[in-house]
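work.pdb (PDB, C-alpha atoms)
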```pdb
ATOM      1  CA  MET A  30      -9.843-125.309 165.953
ATOM      2  CA  ARG A  31     -10.353-126.722 169.435
ATOM      3  CA  PHE A  32      -9.030-125.642 172.811
ATOM      4  CA  THR A  33      -8.779-127.473 176.113
ATOM      5  CA  ARG A  34     -10.804-126.254 179.072
ATOM      6  CA  GLU A  35      -7.563-125.065 180.648
ATOM      7  CA  GLU A  36      -6.680-123.015 177.553
ATOM      8  CA  ILE A  37     -10.075-121.300 177.553
ATOM      9  CA  GLU A  38      -9.939-120.605 181.279
ATOM     10  CA  ALA A  39      -6.420-119.167 180.924
ATOM     11  CA  ALA A  40      -7.669-116.925 178.106
ATOM     12  CA  GLN A  41     -10.507-115.701 180.320
ATOM     13  CA  ARG A  42      -8.047-114.793 183.072
ATOM     14  CA  THR A  43      -5.827-112.906 180.625
ATOM     15  CA  VAL A  44      -8.705-111.005 179.027
ATOM     16  CA  HIS A  45     -10.546-110.216 182.249
ATOM     17  CA  ALA A  46      -7.365-108.874 183.848
ATOM     18  CA  ALA A  47      -7.550-106.060 181.261
ATOM     19  CA  MET A  48     -11.310-105.602 180.820
ATOM     20  CA  PRO A  49     -14.592-106.817 182.309
ATOM     21  CA  PRO A  50     -16.899-109.168 180.387
ATOM     22  CA  THR A  51     -19.037-107.300 177.867
ATOM     23  CA  PRO A  52     -22.826-107.431 178.250
ATOM     24  CA  GLN A  53     -25.400-109.304 176.229
ATOM     25  CA  TYR A  54     -28.785-107.660 176.162
ATOM     26  CA  THR A  55     -32.145-108.469 174.663
ATOM     27  CA  TRP A  56     -33.710-105.259 173.370
ATOM     28  CA  PRO A  57     -37.538-105.147 173.227
ATOM     29  CA  LEU A  58     -37.753-103.037 170.060
ATOM     30  CA  LEU A  59     -35.228-105.224 168.264
ATOM     31  CA  SER A  60     -37.039-108.406 169.285
ATOM     32  CA  GLN A  61     -40.348-106.878 168.238
ATOM     33  CA  ARG A  62     -38.907-105.932 164.853
ATOM     34  CA  LEU A  63     -37.680-109.463 164.108
ATOM     35  CA  GLY A  64     -40.545-111.335 165.733
ATOM     36  CA  ALA A  65     -37.971-113.270 167.753
ATOM     37  CA  THR A  66     -36.079-113.019 171.024
ATOM     38  CA  VAL A  67     -32.901-111.242 169.944
ATOM     39  CA  TRP A  68     -29.765-111.194 172.092
ATOM     40  CA  ALA A  69     -26.982-108.793 171.125
ATOM     41  CA  LYS A  70     -23.420-109.452 172.305
ATOM     42  CA  HIS A  71     -21.965-105.985 172.816
ATOM     43  CA  GLU A  72     -18.344-106.186 171.745
ATOM     44  CA  ASN A  73     -18.659-102.496 170.897
ATOM     45  CA  HIS A  74     -18.280-102.019 174.675
ATOM     46  CA  THR A  75     -14.615-103.157 174.944
ATOM     47  CA  PRO A  76     -11.823-100.638 175.681
ATOM     48  CA  VAL A  77     -11.052-100.375 171.946
ATOM     49  CA  GLY A  78     -14.663-100.593 170.787
ATOM     50  CA  ALA A  79     -14.374-104.014 169.140
ATOM     51  CA  PHE A  80     -13.896-107.729 169.847
ATOM     52  CA  LYS A  81     -10.346-107.871 168.466
ATOM     53  CA  ILE A  82      -8.816-106.691 171.746
ATOM     54  CA  ARG A  83      -9.357-110.144 173.247
ATOM     55  CA  GLY A  84      -7.123-111.872 170.723
ATOM     56  CA  GLY A  85      -4.396-109.279 171.090
ATOM     57  CA  LEU A  86      -4.311-109.819 174.843
ATOM     58  CA  THR A  87      -3.876-113.598 174.608
ATOM     59  CA  TYR A  88      -1.461-113.413 171.671
ATOM     60  CA  PHE A  89       0.846-110.981 173.460
ATOM     61  CA  GLU A  90       0.658-112.845 176.767
ATOM     62  CA  THR A  91       1.888-115.967 174.959
ATOM     63  CA  LEU A  92       4.480-113.985 172.995
ATOM     64  CA  ALA A  93       5.907-112.517 176.224
ATOM     65  CA  ARG A  94       6.308-116.010 177.678
ATOM     66  CA  GLU A  95       7.628-117.789 174.619
ATOM     67  CA  GLN A  96       9.673-115.030 172.938
ATOM     68  CA  PRO A  97      10.648-112.548 175.673
ATOM     69  CA  GLY A  98      13.316-111.033 173.433
ATOM     70  CA  VAL A  99      10.756-109.502 171.043
ATOM     71  CA  ARG A 100      10.690-105.697 171.492
ATOM     72  CA  HIS A 101       8.992-104.475 168.295
ATOM     73  CA  VAL A 102       6.034-105.945 166.408
ATOM     74  CA  ILE A 103       4.376-105.171 163.095
ATOM     75  CA  SER A 104       0.993-106.024 161.621
ATOM     76  CA  ALA A 105      -1.527-104.896 158.995
ATOM     77  CA  THR A 106      -5.125-103.889 159.571
ATOM     78  CA  ARG A 107      -8.137-101.831 158.549
ATOM     79  CA  GLY A 108      -8.357-100.701 162.168
ATOM     80  CA  ASN A 109      -9.693-102.921 164.931
ATOM     81  CA  HIS A 110      -6.901-105.505 164.806
ATOM     82  CA  GLY A 111      -4.418-102.636 164.867
ATOM     83  CA  GLN A 112      -6.027-101.174 167.989
ATOM     84  CA  SER A 113      -5.843-104.621 169.582
ATOM     85  CA  VAL A 114      -2.130-104.850 168.757
ATOM     86  CA  GLY A 115      -1.556-101.330 170.044
ATOM     87  CA  PHE A 116      -3.440-101.936 173.295
ATOM     88  CA  ALA A 117      -1.656-105.218 174.044
ATOM     89  CA  SER A 118       1.769-103.871 172.967
ATOM     90  CA  GLN A 119       1.373-100.972 175.354
ATOM     91  CA  ARG A 120       0.566-103.323 178.239
ATOM     92  CA  HIS A 121       3.735-105.313 177.529
ATOM     93  CA  GLY A 122       6.000-102.335 176.843
ATOM     94  CA  LEU A 123       6.588-103.199 173.166
ATOM     95  CA  ALA A 124       6.857-100.918 170.138
ATOM     96  CA  ALA A 125       4.263-101.516 167.406
ATOM     97  CA  THR A 126       4.129-100.568 163.730
ATOM     98  CA  ILE A 127       0.837-100.959 161.885
ATOM     99  CA  VAL A 128       0.380-100.852 158.103
ATOM    100  CA  VAL A 129      -2.984 -99.620 156.799
ATOM    101  CA  PRO A 130      -4.171 -99.040 153.224
ATOM    102  CA  HIS A 131      -4.504 -95.509 151.881
ATOM    103  CA  GLY A 132      -7.953 -94.073 152.560
ATOM    104  CA  ASN A 133      -8.354 -96.008 155.811
ATOM    105  CA  SER A 134     -10.740 -94.766 158.492
ATOM    106  CA  ARG A 135      -9.376 -91.498 159.885
ATOM    107  CA  GLU A 136     -10.767 -92.153 163.333
ATOM    108  CA  LYS A 137      -9.419 -95.705 163.500
ATOM    109  CA  ASN A 138      -6.019 -94.342 162.445
ATOM    110  CA  ALA A 139      -6.218 -91.724 165.191
ATOM    111  CA  ALA A 140      -7.196 -94.348 167.769
ATOM    112  CA  MET A 141      -4.202 -96.499 166.826
ATOM    113  CA  ARG A 142      -1.818 -93.554 167.077
ATOM    114  CA  ALA A 143      -3.268 -92.714 170.501
ATOM    115  CA  LEU A 144      -2.224 -96.221 171.606
ATOM    116  CA  GLY A 145       1.387 -95.431 170.645
ATOM    117  CA  VAL A 146       1.355 -97.191 167.282
ATOM    118  CA  THR A 147       3.589 -96.041 164.407
ATOM    119  CA  LEU A 148       1.249 -95.952 161.404
ATOM    120  CA  VAL A 149       2.410 -96.684 157.849
ATOM    121  CA  GLU A 150       0.040 -96.187 154.893
ATOM    122  CA  HIS A 151       0.569 -98.449 151.890
ATOM    123  CA  GLY A 152      -1.558 -99.827 149.044
ATOM    124  CA  ASP A 153      -5.217 -99.590 148.181
ATOM    125  CA  ASP A 154      -6.620-102.495 150.198
ATOM    126  CA  PHE A 155      -5.898-104.737 153.165
ATOM    127  CA  GLN A 156      -4.093-107.355 151.063
ATOM    128  CA  ALA A 157      -1.588-104.802 149.776
ATOM    129  CA  ALA A 158      -1.050-103.470 153.304
ATOM    130  CA  ALA A 159      -0.510-106.996 154.621
ATOM    131  CA  GLU A 160       2.048-107.781 151.921
ATOM    132  CA  HIS A 161       3.947-104.591 152.734
ATOM    133  CA  ALA A 162       3.920-105.464 156.442
ATOM    134  CA  GLY A 163       5.610-108.728 155.499
ATOM    135  CA  VAL A 164       8.308-106.855 153.573
ATOM    136  CA  LEU A 165       8.968-104.483 156.489
ATOM    137  CA  ALA A 166       9.012-107.341 159.003
ATOM    138  CA  GLU A 167      11.758-109.083 157.056
ATOM    139  CA  ARG A 168      13.728-105.912 156.315
ATOM    140  CA  ASP A 169      13.728-104.646 159.912
ATOM    141  CA  ALA A 170      13.680-108.028 161.729
ATOM    142  CA  LEU A 171      10.332-107.295 163.408
ATOM    143  CA  HIS A 172       7.938-109.854 164.855
ATOM    144  CA  ARG A 173       4.920-109.959 162.585
ATOM    145  CA  VAL A 174       1.556-110.358 164.302
ATOM    146  CA  PRO A 175      -0.769-112.196 161.893
ATOM    147  CA  SER A 176      -4.407-111.267 161.395
ATOM    148  CA  PHE A 177      -5.489-114.857 161.987
ATOM    149  CA  HIS A 178      -3.748-117.139 164.461
ATOM    150  CA  ARG A 179      -4.683-119.794 166.997
ATOM    151  CA  GLU A 180      -3.730-117.502 169.891
ATOM    152  CA  LEU A 181      -5.912-114.709 168.527
ATOM    153  CA  VAL A 182      -8.852-117.084 168.217
ATOM    154  CA  ARG A 183      -8.310-118.348 171.762
ATOM    155  CA  GLY A 184      -8.749-114.823 173.070
ATOM    156  CA  VAL A 185     -11.718-114.025 170.845
ATOM    157  CA  SER A 186     -13.481-117.197 171.996
ATOM    158  CA  THR A 187     -13.893-115.644 175.447
ATOM    159  CA  ALA A 188     -16.539-113.274 174.072
ATOM    160  CA  TYR A 189     -18.740-116.157 173.033
ATOM    161  CA  VAL A 190     -18.007-118.196 176.154
ATOM    162  CA  GLU A 191     -19.418-115.213 178.057
ATOM    163  CA  PHE A 192     -22.404-115.146 175.699
ATOM    164  CA  PHE A 193     -23.263-118.846 175.811
ATOM    165  CA  SER A 194     -22.614-119.047 179.563
ATOM    166  CA  ALA A 195     -24.977-116.155 180.256
ATOM    167  CA  LEU A 196     -27.700-117.856 178.189
ATOM    168  CA  LYS A 197     -26.985-121.422 179.309
ATOM    169  CA  ASP A 198     -30.577-122.009 180.455
ATOM    170  CA  ALA A 199     -31.956-121.111 177.012
ATOM    171  CA  PRO A 200     -29.202-121.072 174.364
ATOM    172  CA  PRO A 201     -30.035-119.230 171.131
ATOM    173  CA  ASP A 202     -31.241-121.268 168.188
ATOM    174  CA  VAL A 203     -28.837-119.381 165.939
ATOM    175  CA  LEU A 204     -25.957-116.926 166.232
ATOM    176  CA  PHE A 205     -25.052-114.619 163.340
ATOM    177  CA  VAL A 206     -21.342-113.749 163.231
ATOM    178  CA  PRO A 207     -19.644-111.350 160.774
ATOM    179  CA  ILE A 208     -16.649-112.712 158.891
ATOM    180  CA  GLY A 209     -13.643-110.585 157.937
ATOM    181  CA  LEU A 210     -10.682-112.944 158.090
ATOM    182  CA  GLY A 211     -12.570-115.313 160.366
ATOM    183  CA  SER A 212     -11.199-115.062 163.912
ATOM    184  CA  GLY A 213     -14.613-114.022 165.226
ATOM    185  CA  PHE A 214     -16.368-116.979 163.639
ATOM    186  CA  ALA A 215     -13.640-119.394 164.743
ATOM    187  CA  GLY A 216     -13.900-118.019 168.280
ATOM    188  CA  ALA A 217     -17.657-118.545 168.292
ATOM    189  CA  ALA A 218     -17.213-122.125 167.096
ATOM    190  CA  ALA A 219     -14.633-122.826 169.805
ATOM    191  CA  ALA A 220     -16.928-121.355 172.456
ATOM    192  CA  ARG A 221     -19.868-123.400 171.218
ATOM    193  CA  ALA A 222     -17.826-126.571 171.661
ATOM    194  CA  HIS A 223     -16.525-125.421 175.053
ATOM    195  CA  CYS A 224     -20.019-124.629 176.348
ATOM    196  CA  GLY A 225     -21.639-127.706 174.807
ATOM    197  CA  VAL A 226     -24.517-125.876 173.102
ATOM    198  CA  SER A 227     -26.140-126.727 169.783
ATOM    199  CA  THR A 228     -26.687-123.175 168.518
ATOM    200  CA  LYS A 229     -26.378-122.928 164.736
ATOM    201  CA  LEU A 230     -23.664-120.570 163.510
ATOM    202  CA  ILE A 231     -24.290-118.463 160.408
ATOM    203  CA  GLY A 232     -21.392-116.481 158.992
ATOM    204  CA  VAL A 233     -22.152-113.112 157.393
ATOM    205  CA  VAL A 234     -19.913-111.575 154.729
ATOM    206  CA  SER A 235     -20.236-108.472 152.608
ATOM    207  CA  ALA A 236     -21.911-108.948 149.236
ATOM    208  CA  HIS A 237     -19.047-106.756 147.983
ATOM    209  CA  ALA A 238     -16.347-109.080 149.402
ATOM    210  CA  THR A 239     -17.619-112.617 148.884
ATOM    211  CA  ALA A 240     -14.428-114.699 149.161
ATOM    212  CA  TYR A 241     -15.570-116.726 152.183
ATOM    213  CA  ARG A 242     -19.135-117.226 150.907
ATOM    214  CA  ASP A 243     -17.833-118.343 147.514
ATOM    215  CA  SER A 244     -15.275-120.609 149.183
ATOM    216  CA  PHE A 245     -17.931-122.069 151.501
ATOM    217  CA  ARG A 246     -20.111-122.970 148.548
ATOM    218  CA  ALA A 247     -17.262-124.338 146.443
ATOM    219  CA  ARG A 248     -15.684-126.125 149.452
ATOM    220  CA  ARG A 249     -12.309-124.706 148.443
ATOM    221  CA  ALA A 250     -10.533-121.366 148.620
ATOM    222  CA  ILE A 251     -11.681-118.789 146.075
ATOM    223  CA  GLU A 252     -10.443-115.197 145.881
ATOM    224  CA  SER A 253     -12.898-112.392 145.229
ATOM    225  CA  PRO A 254     -12.586-108.601 144.907
ATOM    226  CA  ALA A 255     -13.329-106.538 148.022
ATOM    227  CA  THR A 256     -15.218-103.363 147.076
ATOM    228  CA  THR A 257     -17.411-102.699 150.119
ATOM    229  CA  GLN A 258     -17.553 -99.003 150.974
ATOM    230  CA  LEU A 259     -19.142 -99.424 154.397
ATOM    231  CA  ALA A 260     -17.990-102.686 155.998
ATOM    232  CA  ASP A 261     -14.218-102.208 155.914
ATOM    233  CA  GLY A 262     -13.765-104.866 158.611
ATOM    234  CA  MET A 263     -15.103-107.440 156.129
ATOM    235  CA  ALA A 264     -13.056-106.332 153.112
ATOM    236  CA  CYS A 265     -11.248-109.629 152.589
ATOM    237  CA  ARG A 266     -10.344-110.886 149.119
ATOM    238  CA  THR A 267      -8.198-113.918 150.036
ATOM    239  CA  PRO A 268      -9.444-116.549 152.524
ATOM    240  CA  VAL A 269      -7.089-117.690 155.287
ATOM    241  CA  PRO A 270      -6.765-121.501 154.912
ATOM    242  CA  GLU A 271      -7.016-122.277 158.658
ATOM    243  CA  SER A 272     -10.007-119.992 159.001
ATOM    244  CA  LEU A 273     -11.731-121.485 155.976
ATOM    245  CA  ASP A 274     -11.257-124.976 157.423
ATOM    246  CA  VAL A 275     -13.183-123.911 160.548
ATOM    247  CA  ILE A 276     -15.954-122.288 158.527
ATOM    248  CA  LEU A 277     -16.361-125.316 156.257
ATOM    249  CA  ARG A 278     -16.609-127.570 159.292
ATOM    250  CA  GLU A 279     -18.679-125.442 161.664
ATOM    251  CA  ALA A 280     -20.935-123.062 159.695
ATOM    252  CA  ASP A 281     -24.593-123.858 159.120
ATOM    253  CA  ASP A 282     -24.431-121.336 156.286
ATOM    254  CA  VAL A 283     -22.514-118.295 155.046
ATOM    255  CA  ILE A 284     -24.676-115.492 153.690
ATOM    256  CA  THR A 285     -24.025-112.103 152.083
ATOM    257  CA  VAL A 286     -25.378-108.660 152.986
ATOM    258  CA  THR A 287     -25.136-105.568 150.816
ATOM    259  CA  ASP A 288     -23.849-102.201 151.956
ATOM    260  CA  ASP A 289     -27.459-100.971 151.835
ATOM    261  CA  GLU A 290     -28.548-103.794 154.158
ATOM    262  CA  VAL A 291     -25.638-103.031 156.491
ATOM    263  CA  ALA A 292     -26.575 -99.328 156.540
ATOM    264  CA  GLN A 293     -30.160-100.239 157.412
ATOM    265  CA  ALA A 294     -28.912-102.486 160.239
ATOM    266  CA  MET A 295     -26.754 -99.626 161.566
ATOM    267  CA  ARG A 296     -29.836 -97.397 161.629
ATOM    268  CA  VAL A 297     -31.927-100.101 163.301
ATOM    269  CA  LEU A 298     -29.335-100.655 166.011
ATOM    270  CA  PHE A 299     -29.224 -96.944 166.741
ATOM    271  CA  THR A 300     -33.011 -96.569 166.703
ATOM    272  CA  ASP A 301     -33.837 -99.702 168.705
ATOM    273  CA  THR A 302     -30.870 -99.824 171.122
ATOM    274  CA  HIS A 303     -29.056 -96.464 170.778
ATOM    275  CA  ASN A 304     -25.803 -98.329 170.155
ATOM    276  CA  VAL A 305     -23.370 -97.234 167.472
ATOM    277  CA  ALA A 306     -22.184 -99.984 165.133
ATOM    278  CA  GLU A 307     -19.589 -99.823 162.392
ATOM    279  CA  GLY A 308     -20.418-101.588 159.139
ATOM    280  CA  ALA A 309     -18.950-104.960 160.076
ATOM    281  CA  GLY A 310     -20.430-104.568 163.557
ATOM    282  CA  ALA A 311     -23.937-104.321 162.110
ATOM    283  CA  ALA A 312     -23.522-107.124 159.575
ATOM    284  CA  ALA A 313     -24.818-109.841 161.914
ATOM    285  CA  LEU A 314     -28.066-107.947 162.423
ATOM    286  CA  ALA A 315     -28.281-107.345 158.666
ATOM    287  CA  GLY A 316     -28.092-111.117 158.216
ATOM    288  CA  ALA A 317     -30.746-111.722 160.880
ATOM    289  CA  LEU A 318     -33.056-109.170 159.259
ATOM    290  CA  GLN A 319     -32.526-110.850 155.892
ATOM    291  CA  GLN A 320     -33.511-114.225 157.403
ATOM    292  CA  GLU A 321     -36.301-112.815 159.574
ATOM    293  CA  GLU A 322     -38.935-115.324 158.411
ATOM    294  CA  ARG A 323     -36.709-118.346 159.016
ATOM    295  CA  TRP A 324     -36.153-117.500 162.690
ATOM    296  CA  ARG A 325     -39.508-115.975 163.620
ATOM    297  CA  GLY A 326     -40.512-117.068 167.129
ATOM    298  CA  LYS A 327     -37.016-118.403 167.863
ATOM    299  CA  THR A 328     -34.113-117.072 169.928
ATOM    300  CA  VAL A 329     -31.550-115.266 167.787
ATOM    301  CA  GLY A 330     -28.050-114.104 168.744
ATOM    302  CA  ILE A 331     -26.187-111.344 166.951
ATOM    303  CA  ALA A 332     -22.591-110.241 167.420
ATOM    304  CA  LEU A 333     -22.346-106.455 167.549
ATOM    305  CA  SER A 334     -18.662-106.874 166.918
ATOM    306  CA  GLY A 335     -17.539-103.247 166.813
ATOM    307  CA  GLY A 336     -18.631 -99.626 166.965
ATOM    308  CA  ASN A 337     -15.657 -97.837 165.378
ATOM    309  CA  VAL A 338     -17.286 -95.886 162.566
ATOM    310  CA  ASP A 339     -16.152 -92.416 161.500
ATOM    311  CA  ALA A 340     -18.575 -89.678 162.569
ATOM    312  CA  ASP A 341     -19.067 -88.362 159.010
ATOM    313  CA  MET A 342     -19.851 -91.833 157.697
ATOM    314  CA  PHE A 343     -22.264 -92.580 160.526
ATOM    315  CA  ALA A 344     -24.030 -89.257 160.050
ATOM    316  CA  GLY A 345     -24.432 -90.084 156.376
ATOM    317  CA  VAL A 346     -25.844 -93.537 157.177
ATOM    318  CA  LEU A 347     -28.335 -92.125 159.693
ATOM    319  CA  GLY A 348     -29.374 -89.451 157.190
ATOM    320  CA  ARG A 349     -30.271 -92.011 154.500
ATOM    321  CA  ARG A 350     -33.760 -93.263 155.308
TER     322      ARG A 350
END
```

As a first step, turn the structure in this file into structure tokens.
Amino acid sequence: MRFTREEIEAAQRTVHAAMPPTPQYTWPLLSQRLGATVWAKHENHTPVGAFKIRGGLTYFETLAREQPGVRHVISATRGNHGQSVGFASQRHGLAATIVVPHGNSREKNAAMRALGVTLVEHGDDFQAAAEHAGVLAERDALHRVPSFHRELVRGVSTAYVEFFSALKDAPPDVLFVPIGLGSGFAGAAAARAHCGVSTKLIGVVSAHATAYRDSFRARRAIESPATTQLADGMACRTPVPESLDVILREADDVITVTDDEVAQAMRVLFTDTHNVAEGAGAAALAGALQQEERWRGKTVGIALSGGNVDADMFAGVLGRR
């Protein structure tokens, strides 16, 4: 998935009209721990606490231009995509309905409602929620915002354009990117091409939701159960074909991390940087820690893609040493 320079620059203008660039920091304790220079891209510092907001902004800017008659949208989410839809809908004066599975994060649900979203609970996982969103979209003639789309990726790419541009004098040897449905990874790949760097991209999936890792190895789409209890943003059981195409073409590797490894990465991020990461947000660091020996002495990038973890869950993670 490639974008022209003009498309990327337009996305930057759209995103930066709503929020400033997020920082990328190298943290001494984190670098010391990995024996490498570690740069963290802090997408937990956006107005909704996650990278997804960028894609919502570009998607809705295009929607307003191309389909100005749309007044009500619907989508499905485990949380961060829904906050992105809510934030962008509010800016454009649109109504938004979001379908979430039963048992979804209470605090993510509350954050979506605070953005004016009408929340519908349906099914036991994201796939069931997404299917129900499709039914409601058809029944009520609503515009359905997909979870993966070229316009979403165009917005998300701005995070990694910021990252690679800031480090243009010494680009990282590798960047670890968590994979849920794949817009983050696709955005990183687009930014790498835009910035002309040779940084390797390693996708990180949950060991309890291995669809993209299995598909990467088989070179074709393979479904897999999603049973992760901690990394809800990575709980994907069915690969998106367009996303998988990007991953097959652009990934150096796709690796898995367990919930225990993710929990350890959440603790490390809090201890070494005092940043809060949700499960998916800590997955990139979990992958870097797993591959510590491979990248010792190198420059390593990690995407801290979100910080929206429920307080009770985070307290439990910090309490498990």

Selection result for the PyMOL selection byres ((chain A and resi 244) around 10) on this file, as a PyMOL selection string: chain A and resi 239-243+245-253+267-268+273+276-277+283

Preceding selection exported with C-alpha atoms as a PDB file, in the coordinates of the input:
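For reference, selection.pdb as written:
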```
ATOM      1  CA  THR A 239     -17.619-112.617 148.884  1.00  0.00           C
ATOM      2  CA  ALA A 240     -14.428-114.699 149.161  1.00  0.00           C
ATOM      3  CA  TYR A 241     -15.570-116.726 152.183  1.00  0.00           C
ATOM      4  CA  ARG A 242     -19.135-117.226 150.907  1.00  0.00           C
ATOM      5  CA  ASP A 243     -17.833-118.343 147.514  1.00  0.00           C
ATOM      6  CA  PHE A 245     -17.931-122.069 151.501  1.00  0.00           C
ATOM      7  CA  ARG A 246     -20.111-122.970 148.548  1.00  0.00           C
ATOM      8  CA  ALA A 247     -17.262-124.338 146.443  1.00  0.00           C
ATOM      9  CA  ARG A 248     -15.684-126.125 149.452  1.00  0.00           C
ATOM     10  CA  ARG A 249     -12.309-124.706 148.443  1.00  0.00           C
ATOM     11  CA  ALA A 250     -10.533-121.366 148.620  1.00  0.00           C
ATOM     12  CA  ILE A 251     -11.681-118.789 146.075  1.00  0.00           C
ATOM     13  CA  GLU A 252     -10.443-115.197 145.881  1.00  0.00           C
ATOM     14  CA  SER A 253     -12.898-112.392 145.229  1.00  0.00           C
ATOM     15  CA  THR A 267      -8.198-113.918 150.036  1.00  0.00           C
ATOM     16  CA  PRO A 268      -9.444-116.549 152.524  1.00  0.00           C
ATOM     17  CA  LEU A 273     -11.731-121.485 155.976  1.00  0.00           C
ATOM     18  CA  ILE A 276     -15.954-122.288 158.527  1.00  0.00           C
ATOM     19  CA  LEU A 277     -16.361-125.316 156.257  1.00  0.00           C
ATOM     20  CA  VAL A 283     -22.514-118.295 155.046  1.00  0.00           C
TER      21      VAL A 283
END
```

Take atom CA of A:Asn337 and atom CA of A:Ala306 and report the distance between them in Å, one decimal. 6.9 Å

If we count all atoms listed in the file and set the cut-off at 7 Å, which residues sit around A:Trp56, ignoring sequence neighbours fewer than 3 positions away in its own chain? Please answer as a ChimeraX atom specification. /A:59-60,67,302

Could the residues in this selection be saved with C-alpha atoms as an mmCIF file, in the coordinates of the input?
```cif
data_model
loop_
_atom_site.group_PDB
_atom_site.id
_atom_site.type_symbol
_atom_site.label_atom_id
_atom_site.label_comp_id
_atom_site.auth_asym_id
_atom_site.auth_seq_id
_atom_site.Cartn_x
_atom_site.Cartn_y
_atom_site.Cartn_z
ATOM 1 C CA LEU A 59 -35.228 -105.224 168.264
ATOM 2 C CA SER A 60 -37.039 -108.406 169.285
ATOM 3 C CA VAL A 67 -32.901 -111.242 169.944
ATOM 4 C CA THR A 302 -30.870 -99.824 171.122
#
```

Residue IDs satisfying the PyMOL selection byres ((chain A and resi 32) around 12), as number ranges by chain: A: 30-31, 33-40, 179-180, 182-184, 186-187, 215-216, 218-224

Residues as selected, C-alpha atoms, written as a compact mmCIF listing (two decimals), in the frame of the given file, can you do that?
```
# COMPACT_ATOMS: atom_id res chain seq x y z
CA MET A 30 -9.84 -125.31 165.95
CA ARG A 31 -10.35 -126.72 169.44
CA THR A 33 -8.78 -127.47 176.11
CA ARG A 34 -10.80 -126.25 179.07
CA GLU A 35 -7.56 -125.06 180.65
CA GLU A 36 -6.68 -123.02 177.55
CA ILE A 37 -10.07 -121.30 177.55
CA GLU A 38 -9.94 -120.60 181.28
CA ALA A 39 -6.42 -119.17 180.92
CA ALA A 40 -7.67 -116.92 178.11
CA ARG A 179 -4.68 -119.79 167.00
CA GLU A 180 -3.73 -117.50 169.89
CA VAL A 182 -8.85 -117.08 168.22
CA ARG A 183 -8.31 -118.35 171.76
CA GLY A 184 -8.75 -114.82 173.07
CA SER A 186 -13.48 -117.20 172.00
CA THR A 187 -13.89 -115.64 175.45
CA ALA A 215 -13.64 -119.39 164.74
CA GLY A 216 -13.90 -118.02 168.28
CA ALA A 218 -17.21 -122.12 167.10
CA ALA A 219 -14.63 -122.83 169.80
CA ALA A 220 -16.93 -121.36 172.46
CA ARG A 221 -19.87 -123.40 171.22
CA ALA A 222 -17.83 -126.57 171.66
CA HIS A 223 -16.52 -125.42 175.05
CA CYS A 224 -20.02 -124.63 176.35
```

A:Thr106, A:Gln96, A:Ser334, A:Ser113: which is nearest A:His161, counting all atoms listed in the file? A:Thr106

Would you compute the distance between atom CA of A:Ala117 and atom CA of A:Phe89? Give it in Å to one decimal. 6.3 Å

Restricting the calculation to only C-alpha atoms: of A:Ser212, A:Asn109, A:Ser235, A:Thr75, which residue gets closest to A:Ala311?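 For A:Ala311, the nearest of the candidates is A:Ser235.
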
Computed interatomic separation between atom CA of A:Thr328 and atom CA of A:Glu72 (Å):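 According to the coordinates, atom CA of A:Thr328 and atom CA of A:Glu72 are separated by 19.2 Å.
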
Edge lengths and centre in Å to one decimal, as AutoDock Vina command-line options, is what I'm after for the box along x, y and z that holds all listed atoms of stretch 82-90 of chain A once 3 Å is added on each side.
```
--center_x -4.3 --center_y -110.1 --center_z 173.7 --size_x 16.2 --size_y 12.9 --size_z 12.0
```

Apply the PyMOL selection byres ((chain A and resi 116) around 8) to the file shown and report the selected residues as a ChimeraX atom specification. /A:77,82,85,112-115,117-120,144

Excluding A:Val164 and any residue of its chain fewer than 3 positions from it, enumerate the residues within 12 Å of it, using only C-alpha atoms, and give them as an mmCIF file with C-alpha atoms, in the frame of the given file.
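Contents of the output file around35.cif:
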```
data_model
loop_
_atom_site.group_PDB
_atom_site.id
_atom_site.type_symbol
_atom_site.label_atom_id
_atom_site.label_comp_id
_atom_site.auth_asym_id
_atom_site.auth_seq_id
_atom_site.Cartn_x
_atom_site.Cartn_y
_atom_site.Cartn_z
ATOM 1 C CA ILE A 103 4.376 -105.171 163.095
ATOM 2 C CA SER A 104 0.993 -106.024 161.621
ATOM 3 C CA ALA A 105 -1.527 -104.896 158.995
ATOM 4 C CA VAL A 128 0.380 -100.852 158.103
ATOM 5 C CA HIS A 151 0.569 -98.449 151.890
ATOM 6 C CA ALA A 157 -1.588 -104.802 149.776
ATOM 7 C CA ALA A 158 -1.050 -103.470 153.304
ATOM 8 C CA ALA A 159 -0.510 -106.996 154.621
ATOM 9 C CA GLU A 160 2.048 -107.781 151.921
ATOM 10 C CA HIS A 161 3.947 -104.591 152.734
ATOM 11 C CA GLU A 167 11.758 -109.083 157.056
ATOM 12 C CA ARG A 168 13.728 -105.912 156.315
ATOM 13 C CA ASP A 169 13.728 -104.646 159.912
ATOM 14 C CA ALA A 170 13.680 -108.028 161.729
ATOM 15 C CA LEU A 171 10.332 -107.295 163.408
ATOM 16 C CA HIS A 172 7.938 -109.854 164.855
ATOM 17 C CA ARG A 173 4.920 -109.959 162.585
#
```

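Among the candidates A:Gly108, A:Glu136, A:Pro175, A:Ala313, the one nearest to A:Ala332 when counting all atoms listed in the file is A:Ala313.
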